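Data block for structure.pdb (PDB, C-alpha atoms and all ligand atoms):
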```
ATOM      1  CA  MET A  54      37.426 -15.406  32.521  1.00  0.00           C
ATOM      2  CA  ASP A  55      35.429 -14.505  29.432  1.00  0.00           C
ATOM      3  CA  THR A  56      33.440 -11.307  28.993  1.00  0.00           C
ATOM      4  CA  ILE A  57      30.156 -12.864  30.113  1.00  0.00           C
ATOM      5  CA  ASP A  58      31.694 -14.031  33.382  1.00  0.00           C
ATOM      6  CA  SER A  59      32.852 -10.525  34.172  1.00  0.00           C
ATOM      7  CA  LEU A  60      29.395  -9.178  33.300  1.00  0.00           C
ATOM      8  CA  LEU A  61      27.818 -11.634  35.731  1.00  0.00           C
ATOM      9  CA  GLU A  62      30.108 -10.256  38.387  1.00  0.00           C
ATOM     10  CA  ASN A  63      29.014  -6.720  37.441  1.00  0.00           C
ATOM     11  CA  ASN A  64      25.395  -7.799  37.797  1.00  0.00           C
ATOM     12  CA  ARG A  65      25.909  -9.124  41.289  1.00  0.00           C
ATOM     13  CA  THR A  66      27.223  -5.727  42.356  1.00  0.00           C
ATOM     14  CA  PHE A  67      24.461  -3.948  40.419  1.00  0.00           C
ATOM     15  CA  ALA A  68      21.635  -5.968  41.944  1.00  0.00           C
ATOM     16  CA  ALA A  69      23.091  -5.783  45.441  1.00  0.00           C
ATOM     17  CA  GLY A  70      23.207  -1.987  45.261  1.00  0.00           C
ATOM     18  CA  LEU A  71      19.569  -1.517  44.277  1.00  0.00           C
ATOM     19  CA  ALA A  72      16.355  -1.834  46.235  1.00  0.00           C
ATOM     20  CA  GLU A  73      13.839  -4.362  44.947  1.00  0.00           C
ATOM     21  CA  ARG A  74      10.996  -2.744  43.038  1.00  0.00           C
ATOM     22  CA  HIS A  75       8.320  -3.627  40.501  1.00  0.00           C
ATOM     23  CA  LEU A  76       7.574  -1.594  37.378  1.00  0.00           C
ATOM     24  CA  ASP A  77       4.515  -2.084  35.200  1.00  0.00           C
ATOM     25  CA  VAL A  78       5.048  -4.128  32.022  1.00  0.00           C
ATOM     26  CA  GLU A  79       3.469  -1.312  29.993  1.00  0.00           C
ATOM     27  CA  PRO A  80       6.045   1.356  29.058  1.00  0.00           C
ATOM     28  CA  GLN A  81       5.077   4.553  30.876  1.00  0.00           C
ATOM     29  CA  SER A  82       5.907   6.857  27.944  1.00  0.00           C
ATOM     30  CA  HIS A  83       3.796   4.699  25.585  1.00  0.00           C
ATOM     31  CA  LEU A  84       6.718   4.772  23.159  1.00  0.00           C
ATOM     32  CA  ALA A  85       8.426   2.105  21.048  1.00  0.00           C
ATOM     33  CA  ILE A  86      11.877   2.824  19.611  1.00  0.00           C
ATOM     34  CA  VAL A  87      13.400   0.873  16.715  1.00  0.00           C
ATOM     35  CA  THR A  88      17.120   1.327  16.318  1.00  0.00           C
ATOM     36  CA  CYS A  89      20.408  -0.250  15.279  1.00  0.00           C
ATOM     37  CA  MET A  90      22.388  -2.679  17.416  1.00  0.00           C
ATOM     38  CA  ASP A  91      25.378  -0.297  17.217  1.00  0.00           C
ATOM     39  CA  SER A  92      27.364  -0.414  20.458  1.00  0.00           C
ATOM     40  CA  ARG A  93      27.979   3.344  20.485  1.00  0.00           C
ATOM     41  CA  LEU A  94      24.315   4.257  20.843  1.00  0.00           C
ATOM     42  CA  ASP A  95      23.115   4.194  24.450  1.00  0.00           C
ATOM     43  CA  VAL A  96      19.433   4.711  23.712  1.00  0.00           C
ATOM     44  CA  PHE A  97      18.241   5.346  27.263  1.00  0.00           C
ATOM     45  CA  ALA A  98      21.030   7.811  28.042  1.00  0.00           C
ATOM     46  CA  ALA A  99      20.793   9.613  24.688  1.00  0.00           C
ATOM     47  CA  LEU A 100      17.073  10.252  25.129  1.00  0.00           C
ATOM     48  CA  GLY A 101      16.913  10.737  28.875  1.00  0.00           C
ATOM     49  CA  LEU A 102      14.722   7.675  29.263  1.00  0.00           C
ATOM     50  CA  ASP A 103      14.463   5.633  32.410  1.00  0.00           C
ATOM     51  CA  GLN A 104      13.685   1.958  32.942  1.00  0.00           C
ATOM     52  CA  GLY A 105      10.056   1.083  32.370  1.00  0.00           C
ATOM     53  CA  GLU A 106       9.478   3.989  29.996  1.00  0.00           C
ATOM     54  CA  ALA A 107       9.908   2.622  26.448  1.00  0.00           C
ATOM     55  CA  HIS A 108      10.263  -0.493  24.348  1.00  0.00           C
ATOM     56  CA  VAL A 109      13.547  -0.631  22.447  1.00  0.00           C
ATOM     57  CA  LEU A 110      13.783  -2.962  19.455  1.00  0.00           C
ATOM     58  CA  ARG A 111      17.235  -3.374  17.959  1.00  0.00           C
ATOM     59  CA  ASN A 112      18.759  -5.156  14.989  1.00  0.00           C
ATOM     60  CA  ALA A 113      21.522  -4.538  12.450  1.00  0.00           C
ATOM     61  CA  GLY A 114      20.547  -1.219  10.877  1.00  0.00           C
ATOM     62  CA  GLY A 115      17.311  -0.668  12.805  1.00  0.00           C
ATOM     63  CA  VAL A 116      15.548  -2.268   9.859  1.00  0.00           C
ATOM     64  CA  ILE A 117      11.756  -2.663   9.827  1.00  0.00           C
ATOM     65  CA  THR A 118      11.608  -6.408   9.283  1.00  0.00           C
ATOM     66  CA  ASP A 119       8.580  -8.665   9.711  1.00  0.00           C
ATOM     67  CA  ASP A 120       9.881  -9.496  13.162  1.00  0.00           C
ATOM     68  CA  VAL A 121      10.035  -5.818  14.114  1.00  0.00           C
ATOM     69  CA  ILE A 122       6.431  -5.417  12.927  1.00  0.00           C
ATOM     70  CA  ARG A 123       5.555  -8.463  15.059  1.00  0.00           C
ATOM     71  CA  SER A 124       7.079  -6.803  18.117  1.00  0.00           C
ATOM     72  CA  LEU A 125       5.441  -3.451  17.360  1.00  0.00           C
ATOM     73  CA  ALA A 126       2.058  -5.164  16.961  1.00  0.00           C
ATOM     74  CA  ILE A 127       2.434  -6.706  20.428  1.00  0.00           C
ATOM     75  CA  SER A 128       3.805  -3.438  21.817  1.00  0.00           C
ATOM     76  CA  GLN A 129       0.798  -1.470  20.570  1.00  0.00           C
ATOM     77  CA  ARG A 130      -1.999  -4.005  20.912  1.00  0.00           C
ATOM     78  CA  ARG A 131      -1.077  -5.507  24.265  1.00  0.00           C
ATOM     79  CA  LEU A 132       1.333  -3.161  25.986  1.00  0.00           C
ATOM     80  CA  GLY A 133      -0.118   0.253  25.310  1.00  0.00           C
ATOM     81  CA  THR A 134       2.450   2.017  23.128  1.00  0.00           C
ATOM     82  CA  ARG A 135       1.176   4.605  20.681  1.00  0.00           C
ATOM     83  CA  GLU A 136       4.218   6.411  19.240  1.00  0.00           C
ATOM     84  CA  VAL A 137       7.054   4.926  17.177  1.00  0.00           C
ATOM     85  CA  MET A 138      10.517   6.502  17.044  1.00  0.00           C
ATOM     86  CA  LEU A 139      13.013   5.217  14.487  1.00  0.00           C
ATOM     87  CA  ILE A 140      16.701   5.951  15.028  1.00  0.00           C
ATOM     88  CA  HIS A 141      19.349   5.144  12.455  1.00  0.00           C
ATOM     89  CA  HIS A 142      22.862   6.532  12.699  1.00  0.00           C
ATOM     90  CA  ASP A 143      25.854   7.622  10.668  1.00  0.00           C
ATOM     91  CA  ASP A 144      28.901   5.342  10.215  1.00  0.00           C
ATOM     92  CA  CYS A 145      26.598   2.278  10.289  1.00  0.00           C
ATOM     93  CA  GLY A 146      27.983  -1.166   9.519  1.00  0.00           C
ATOM     94  CA  MET A 147      25.080  -1.676   7.105  1.00  0.00           C
ATOM     95  CA  GLN A 148      26.578   1.029   4.867  1.00  0.00           C
ATOM     96  CA  LYS A 149      29.804  -0.964   4.577  1.00  0.00           C
ATOM     97  CA  ILE A 150      28.250  -4.002   2.858  1.00  0.00           C
ATOM     98  CA  THR A 151      26.004  -4.613  -0.139  1.00  0.00           C
ATOM     99  CA  ASP A 152      23.028  -6.958  -0.245  1.00  0.00           C
ATOM    100  CA  ASP A 153      24.458  -8.969  -3.149  1.00  0.00           C
ATOM    101  CA  GLY A 154      27.986  -9.068  -1.770  1.00  0.00           C
ATOM    102  CA  PHE A 155      27.014 -10.191   1.716  1.00  0.00           C
ATOM    103  CA  ARG A 156      24.464 -12.683   0.418  1.00  0.00           C
ATOM    104  CA  MET A 157      27.126 -14.163  -1.870  1.00  0.00           C
ATOM    105  CA  GLU A 158      29.594 -14.324   1.008  1.00  0.00           C
ATOM    106  CA  LEU A 159      27.102 -16.226   3.171  1.00  0.00           C
ATOM    107  CA  GLN A 160      26.265 -18.624   0.371  1.00  0.00           C
ATOM    108  CA  GLU A 161      29.856 -19.220  -0.681  1.00  0.00           C
ATOM    109  CA  THR A 162      31.149 -19.807   2.829  1.00  0.00           C
ATOM    110  CA  THR A 163      28.253 -21.941   4.069  1.00  0.00           C
ATOM    111  CA  GLY A 164      26.701 -23.467   0.963  1.00  0.00           C
ATOM    112  CA  ILE A 165      23.333 -22.093   2.040  1.00  0.00           C
ATOM    113  CA  ALA A 166      21.568 -19.123   0.456  1.00  0.00           C
ATOM    114  CA  PRO A 167      19.999 -17.089   3.276  1.00  0.00           C
ATOM    115  CA  SER A 168      16.228 -16.819   3.327  1.00  0.00           C
ATOM    116  CA  PHE A 169      16.342 -13.337   4.854  1.00  0.00           C
ATOM    117  CA  ALA A 170      16.898  -9.981   3.171  1.00  0.00           C
ATOM    118  CA  ILE A 171      20.232  -8.347   4.012  1.00  0.00           C
ATOM    119  CA  GLU A 172      18.812  -4.783   4.002  1.00  0.00           C
ATOM    120  CA  SER A 173      22.078  -2.902   3.581  1.00  0.00           C
ATOM    121  CA  PHE A 174      21.822   0.757   2.618  1.00  0.00           C
ATOM    122  CA  GLY A 175      23.910   3.586   1.228  1.00  0.00           C
ATOM    123  CA  ASP A 176      21.948   6.721   2.088  1.00  0.00           C
ATOM    124  CA  VAL A 177      20.992   6.701   5.762  1.00  0.00           C
ATOM    125  CA  GLU A 178      18.302   9.379   5.424  1.00  0.00           C
ATOM    126  CA  GLU A 179      16.629   7.545   2.557  1.00  0.00           C
ATOM    127  CA  ASP A 180      16.685   4.374   4.644  1.00  0.00           C
ATOM    128  CA  VAL A 181      14.988   6.215   7.525  1.00  0.00           C
ATOM    129  CA  ARG A 182      12.293   7.410   5.095  1.00  0.00           C
ATOM    130  CA  GLN A 183      11.718   3.867   3.845  1.00  0.00           C
ATOM    131  CA  SER A 184      11.498   2.611   7.414  1.00  0.00           C
ATOM    132  CA  ILE A 185       8.926   5.263   8.354  1.00  0.00           C
ATOM    133  CA  LEU A 186       6.811   4.260   5.356  1.00  0.00           C
ATOM    134  CA  ARG A 187       6.989   0.570   6.248  1.00  0.00           C
ATOM    135  CA  VAL A 188       5.661   1.321   9.729  1.00  0.00           C
ATOM    136  CA  ARG A 189       3.039   3.797   8.548  1.00  0.00           C
ATOM    137  CA  ARG A 190       1.734   1.330   5.976  1.00  0.00           C
ATOM    138  CA  SER A 191       1.603  -1.750   8.165  1.00  0.00           C
ATOM    139  CA  PRO A 192      -2.001  -2.879   8.602  1.00  0.00           C
ATOM    140  CA  PHE A 193      -1.084  -4.693  11.813  1.00  0.00           C
ATOM    141  CA  LEU A 194      -0.363  -1.504  13.757  1.00  0.00           C
ATOM    142  CA  PRO A 195      -3.342   0.454  15.104  1.00  0.00           C
ATOM    143  CA  HIS A 196      -1.305   3.586  16.000  1.00  0.00           C
ATOM    144  CA  ARG A 197       0.484   5.052  13.001  1.00  0.00           C
ATOM    145  CA  ASP A 198      -0.128   8.789  13.280  1.00  0.00           C
ATOM    146  CA  VAL A 199       3.047   9.458  15.286  1.00  0.00           C
ATOM    147  CA  VAL A 200       5.889   7.679  13.496  1.00  0.00           C
ATOM    148  CA  ARG A 201       9.040   9.803  13.353  1.00  0.00           C
ATOM    149  CA  GLY A 202      12.534   9.004  12.117  1.00  0.00           C
ATOM    150  CA  PHE A 203      15.961  10.326  13.086  1.00  0.00           C
ATOM    151  CA  VAL A 204      19.658   9.981  12.358  1.00  0.00           C
ATOM    152  CA  TYR A 205      21.967   9.849  15.379  1.00  0.00           C
ATOM    153  CA  ALA A 206      25.469  11.222  14.912  1.00  0.00           C
ATOM    154  CA  VAL A 207      27.660   8.780  16.805  1.00  0.00           C
ATOM    155  CA  ASP A 208      30.483  11.283  17.340  1.00  0.00           C
ATOM    156  CA  THR A 209      28.413  14.269  18.513  1.00  0.00           C
ATOM    157  CA  HIS A 210      25.515  12.292  20.106  1.00  0.00           C
ATOM    158  CA  ALA A 211      23.029  14.608  18.361  1.00  0.00           C
ATOM    159  CA  LEU A 212      19.802  13.526  16.680  1.00  0.00           C
ATOM    160  CA  ARG A 213      18.438  15.097  13.539  1.00  0.00           C
ATOM    161  CA  GLU A 214      14.952  14.433  12.251  1.00  0.00           C
ATOM    162  CA  VAL A 215      14.267  13.053   8.762  1.00  0.00           C
ATOM    163  CA  GLU A 216      11.126  14.395   7.174  1.00  0.00           C
ATOM    164  CA  VAL A 217       8.962  12.217   4.989  1.00  0.00           C
ATOM    165  CA  THR A 218       5.856  12.901   2.968  1.00  0.00           C
ATOM    166  CA  GLY A 219       3.258  10.249   2.254  1.00  0.00           C
TER     167      GLY A 219
HETATM  168 ZN    ZN A 301      24.204   0.645  12.678  1.00  0.00          ZN
END
```
Now, as a test, write the supplied structure out as structure tokens.
Ligand SMILES: [Zn+2]
Amino acid sequence: MDTIDSLLENNRTFAAGLAERHLDVEPQSHLAIVTCMDSRLDVFAALGLDQGEAHVLRNAGGVITDDVIRSLAISQRRLGTREVMLIHHDDCGMQKITDDGFRMELQETTGIAPSFAIESFGDVEEDVRQSILRVRRSPFLPHRDVVRGFVYAVDTHALREVEVTG
């Protein structure tokens, strides 16, 4: 049995133990969170969020890509979110590669140069600042006055805020 099969079994137990209910498609806290795919960060538990309360967008590094802006535009313009919370974390896999090195690896092993940016980073706080600026300067997002960025310490579970000017 592979991992997915055992998860399907978990879901049968999960669904059987819960009453049917319907939540509104609009997140009740009017919040969108952009964070890393890191398996150690349980976003809902770490922030005390419940189902139906926030959008959570995840990718490698919590990078503000065009696709994240696409999702945020839908989140704000159709689904009522107004605040954006960015969460990066220490010990991130994106700090263990370089853009040039990983790009070269992809090209050498596949023969194809990737069309996407790798977006590795060294300094996590500087990367949070850059991400905040990308959101704040996106013309596609109507709500940009509350955009805050944080670093999550994976060992202590604590968040610290990263200040940015501009
Ligand atoms: Zn990460």
Give as a count of residues only the residues surrounding ligand ZN 301 (chain A) up to a distance of 6 Å, considering all atoms listed in the file. 6
Taking a cut-off of 6 Å and counting only C-alpha atoms, can you build a table that, for each residue of segment 137-186 of chain A near segment 204-211 of chain A, reports the nearest atom pair and how far apart they are in Å (one decimal), sorted by chain then residue number, as a Markdown table?
```
| residue | atom | partner | partner_atom | distance |
| --- | --- | --- | --- | --- |
| A:Ile140 | CA | A:Val204 | CA | 5.7 |
| A:His141 | CA | A:Val204 | CA | 4.8 |
| A:His142 | CA | A:Tyr205 | CA | 4.4 |
| A:Asp143 | CA | A:Ala206 | CA | 5.6 |
```
Atom CA of Arg130 of chain A and atom CA of Asp95 of chain A, how far apart in Å?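 Pair atom CA of Asp95 of chain A / atom CA of Arg130 of chain A returns 26.7 Å.
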Selection under test: the PyMOL selection byres (((chain A and resi 124) around 12) and not hetatm); residues as a PyMOL selection string: chain A and resi 85-87+108-111+117-123+125-132+134+137+188+193-194
Target residues per the PyMOL selection byres (((chain A and resi 218) around 10) and not hetatm), formatted as a ChimeraX atom specification: /A:182,185-186,216-217,219
What does the PyMOL selection byres (((chain A and resi 201) around 6) and not hetatm) select in this file, as a VMD selection string? chain A and resid 138 200 202
Find the spatial neighbours of Leu76 of chain A, counting all atoms listed in the file, within a cut-off of 10 Å - ignore same-chain residues fewer than 3 positions away - and output them as a PyMOL selection string. chain A and resi 79-81+104-106
Saved selection, atoms kept: C-alpha atoms, as a short mmCIF file (atom, residue, chain, number, x, y, z; two decimals), in the frame of the given file:
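Saved result, again.cif, follows:
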```cif
data_model
loop_
_atom_site.label_atom_id
_atom_site.label_comp_id
_atom_site.auth_asym_id
_atom_site.auth_seq_id
_atom_site.Cartn_x
_atom_site.Cartn_y
_atom_site.Cartn_z
CA GLU A 79 3.47 -1.31 29.99
CA PRO A 80 6.04 1.36 29.06
CA GLN A 81 5.08 4.55 30.88
CA GLN A 104 13.68 1.96 32.94
CA GLY A 105 10.06 1.08 32.37
CA GLU A 106 9.48 3.99 30.00
#
```
Find the distance between atom CA of Phe67 of chain A and atom CA of Met90 of chain A and write it in Å to one decimal.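 Atom CA of Met90 of chain A lies 23.1 Å from atom CA of Phe67 of chain A.
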Residues near Ala166 of chain A, cut-off 8 Å, only C-alpha atoms, skip fewer than 3 positions along chain, as a list in words: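 Returned residues: Arg156, Met157, Leu159 and Gln160 of chain A.
Between Arg135 of chain A and the candidates A:Leu84, A:Val116, A:Val181, A:Val78, the tightest atom-to-atom separation, counting all atoms listed in the file, involves A:Leu84.
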How far is it from atom CA of Arg189 of chain A to atom CA of Glu214 of chain A, in Å with one decimal? 16.4 Å
Counting only C-alpha atoms, which residues sit no farther than 9 Å from the position (20.9, -11.2, 4.2) in the file's frame? I'd like them as a PyMOL selection string. chain A and resi 152-153+155-156+159+166-173
Kindly compute an axis-aligned box around the listed atoms of segment 196-211 of chain A, allowing 5 Å on each side, and express its centre and edge lengths in Å to one decimal as AutoDock Vina command-line options.
```
--center_x 14.6 --center_y 9.1 --center_z 16.1 --size_x 41.8 --size_y 21.0 --size_z 18.0
```
Given only C-alpha atoms as the counted atoms, nearest of A:Leu100, A:Thr88, A:Leu61, A:Glu136 to His196 of chain A: A:Glu136
